[in-house]
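> The structure's right below; bear with me while I get my questions together.
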Amino acid sequence: MNIDINTLVDADRGFVGRSIYIDPQIYEQECRMLFARSWMYLCHESQIPQPGDFCTAYIAEDPVIVWRDTSGKVRAFLNVCRHRGNRLCRADIGNAISLTCAYHGWTYSSDGKLKGVPRQEAAYGSGLDRERWPLTAVAQVDSYKGLIFGSFDDSAPPLREYLGGLTWYLDAIFDRREGGVEVFPGVHKWIVPCNWKVAAENFSGDSYHGPWAHRSAMSAGFSARRPRPGDVNRFHLHFGNGHCVMARQADDTSDVPAVVAYEQEGRPRVRERLGPRIDLLRPSVATVFPNFAVVRGTANSMRVWHPRGPDKTEIWSWVFVDKEAPAPIKELVRLASLRSFGPAGTFEQDDIDNWQECTQTARGVISRGLELNLQMGLGQERFDQELGGWTTDFCTSESNQRHFYRHWATRMEIKKELKLRAMAQ
């Protein structure tokens with residue numbers, strides 16, 4: 001039986017019940033009704049550029065393999081052998097025209113078809129139809145500006161429709177310059193004892209915590225940013241479907257002279273690509289609902305909050321940079337990202353210490369019955385035609401968090417049955 005989420009989330013008044021962060025039944029409902037039906041970030045095209053390249057990922061707790069087949073088409077499948085359910089591919093990334101299960105040797109080609117079964121005739125005679133046992137396909141796979149997404153729901157709207165007004169802001173992060181961005185090789189992974197939503201809503205719109213939670217890191221010089229008068233995000237924007245952006249003034253780029261020079265040198269071409277809106281603001285943090293987040297500045301990070309139960313999140317984080325950036329700028333960005341948002345980064349340590357306490361205190365019988373206050377800037381939202389989204393004149397607001405939870409509650413109430421497709425497309 002599903003829980004009535006409307007009794008726990010009242011976004012219009014700015015209240016959220018704490019049990020949504022700790023209740024196992026709500027977590028199971030999320031996996032079935034939200035993650036399995038949303039467009040989920042899987043990997044970046046620069047990670048699988050050649051035929052045969054693959055990258056493993058997750059949709060909630062379902063392991064997925066993203067595989068560029070021999071014709072160059074990007075496909076995605078459950079990373080699960082159809083024989084006994086063993087994980088087919090154990091590597092994070094690689095290249096192969098076929099993959100063989102380590103348990104009993106069933107072999108699949110890059111289009112998902114079952115191509116080999118050891119001792120098939122002796123074991124099955126004519127009783128095994130290999131065409132019936134391909135890898136289970138992710139129903140829809142599409143990309144935007146190099147970002148590859150997948151959805152198990154074949155009735156989900158097209159990806160661009162799902163992204164909606166967020167697309168320009170993704171352009172301003174991932175397509176500022178010729179060639180877009182590239183992702184540095186490797187991924188950092190670490191586990192935090194917190195609910196995934198605590199992290200996701202922080203990156204959705206929490207500018208309030210920065211000057212306080214990160215003050216020591218900024219003041220001590222361990223961050224790419226330094227505290228300055230009025231140092232708050234000036235723009236909180238949301239676009240429907242739970243997507244949110246925090247942005248700064250257009251000229252607020254970096255405190256690193258070399259990065260400032262690089263940004264100034266390229267600004268005319270960036271403006272030509274993105275239009276006059278780029279003179280109004282600079283997107284600094286974005287959340288693609290439900291659990292993909294991006295930070296852009298001197299420290300560029302993109303991460304997925306992979307749920308691992310109601311009170312545990314596995315963070316996967318990559319560093320990205322403009323593909324055409326000179327090598328010294330790329331190295332500056334890489335180091336700034338690791339120092340700020342790597343697993344031992346100063347900002348990251350500040351955040352996860354608070355996130356875990358927000359989750360763990362919800363274990364209490366009294367604590368989890370309380371409501372949280374998300375009323376900052378309540379009633380001040382308005383649609384800004386020039387910016388292309390809902391925003392507020394308040395410098396600090398929780399309008400984005402309210403939008404995040406409103407959409408979360410809506411998605412959690414979907415009743416239709418999801419049917420998986422076990423076929424190669």
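In the structure tokens, each chain is lettered A, B, ... as it comes, each chain's residues begin at 1, and ligands are numbered from 1 in order of appearance.
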Could you please write out, as a PyMOL selection string, every residue of region 318-424 of chain A that DSSP assigns to strand (DSSP E or B)?
chain A and resi 318-322+371-373+382-384+389-391+421
> At a cut-off of 8 Å, using only C-alpha atoms, what residues contact Arg406 (chain A)? Leave out same-chain residues fewer than 2 positions from it and give the result as a list in words.
Val9, Asp10, Ala11, Gly242, Arg402, His403, Phe404, Trp408, Ala409 and Thr410 of chain A
> For each of A:Leu147, A:Leu372, A:Ile315, A:Ile352, take the minimum atom-to-atom distance to Val183 (chain A), counting only C-alpha atoms, then give the residue where this is smallest.
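Looking only at the distances to Val183 (chain A), the closest residue turns out to be A:Leu147.
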> Hey, could you make a per-residue contact list for region 270-372 of chain A against region 41-61 of chain A with 7 Å as the cut-off, showing the nearest pair of atoms and its distance in Å to one decimal, counting only C-alpha atoms, sorted by chain and number, as CSV?

```
residue,atom,partner,partner_atom,distance
A:Phe292,CA,A:Tyr41,CA,6.3
A:His306,CA,A:Ala60,CA,6.0
A:Pro307,CA,A:Ala60,CA,5.7
A:Arg308,CA,A:Glu61,CA,6.8
```
> Those same residues, written as a PDB file, in the first residue's frame with C-alpha atoms?

```
ATOM      1  CA  PHE A 292      21.725  14.859 -10.866  1.00  0.00           C
ATOM      2  CA  HIS A 306      22.522   7.392  -5.753  1.00  0.00           C
ATOM      3  CA  PRO A 307      20.030   6.204  -3.099  1.00  0.00           C
ATOM      4  CA  ARG A 308      21.158   3.218  -1.047  1.00  0.00           C
TER       5      ARG A 308
END
```
> State, in Å with one decimal place, the distance from CA of Ser155 (chain A) to CA of Phe239 (chain A).
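Atom-to-atom, CA of Ser155 (chain A) to CA of Phe239 (chain A), that is 21.1 Å.
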> Determine the nearest neighbour of Arg177 (chain A) from the options A:Val321, A:Val365, A:Ala123, A:Cys194, counting only C-alpha atoms.
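Closest candidate: A:Val321.
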> Excluding Val141 (chain A) and its own-chain neighbours fewer than 3 positions away, which residues fall within 10 Å of it when counting only C-alpha atoms? Please give them as a list of chain:residue names.
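Everything that qualifies: A:Trp39, A:Met40, A:Tyr41, A:Leu42, A:Val66, A:Val74, A:Arg75, A:Ala76, A:Phe77, A:Ala137, A:Val138, A:Ile148, A:Phe149, A:Gly150, A:Ser151, A:Phe152, A:Asp154, A:Pro158, A:Leu159.
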> For Val259 (chain A), which residue out of A:Glu161, A:Glu201, A:Glu413, A:Glu331 is the nearest one, using only C-alpha atoms?
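Among A:Glu161, A:Glu201, A:Glu413, A:Glu331, it is A:Glu331 that comes nearest to Val259 (chain A).
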> Which one is closest to Asp311 (chain A): A:Asp23, A:Glu30, A:Asp393, A:Glu182? Count only C-alpha atoms.
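Checking each candidate against Asp311 (chain A), we get A:Asp23 as the closest.
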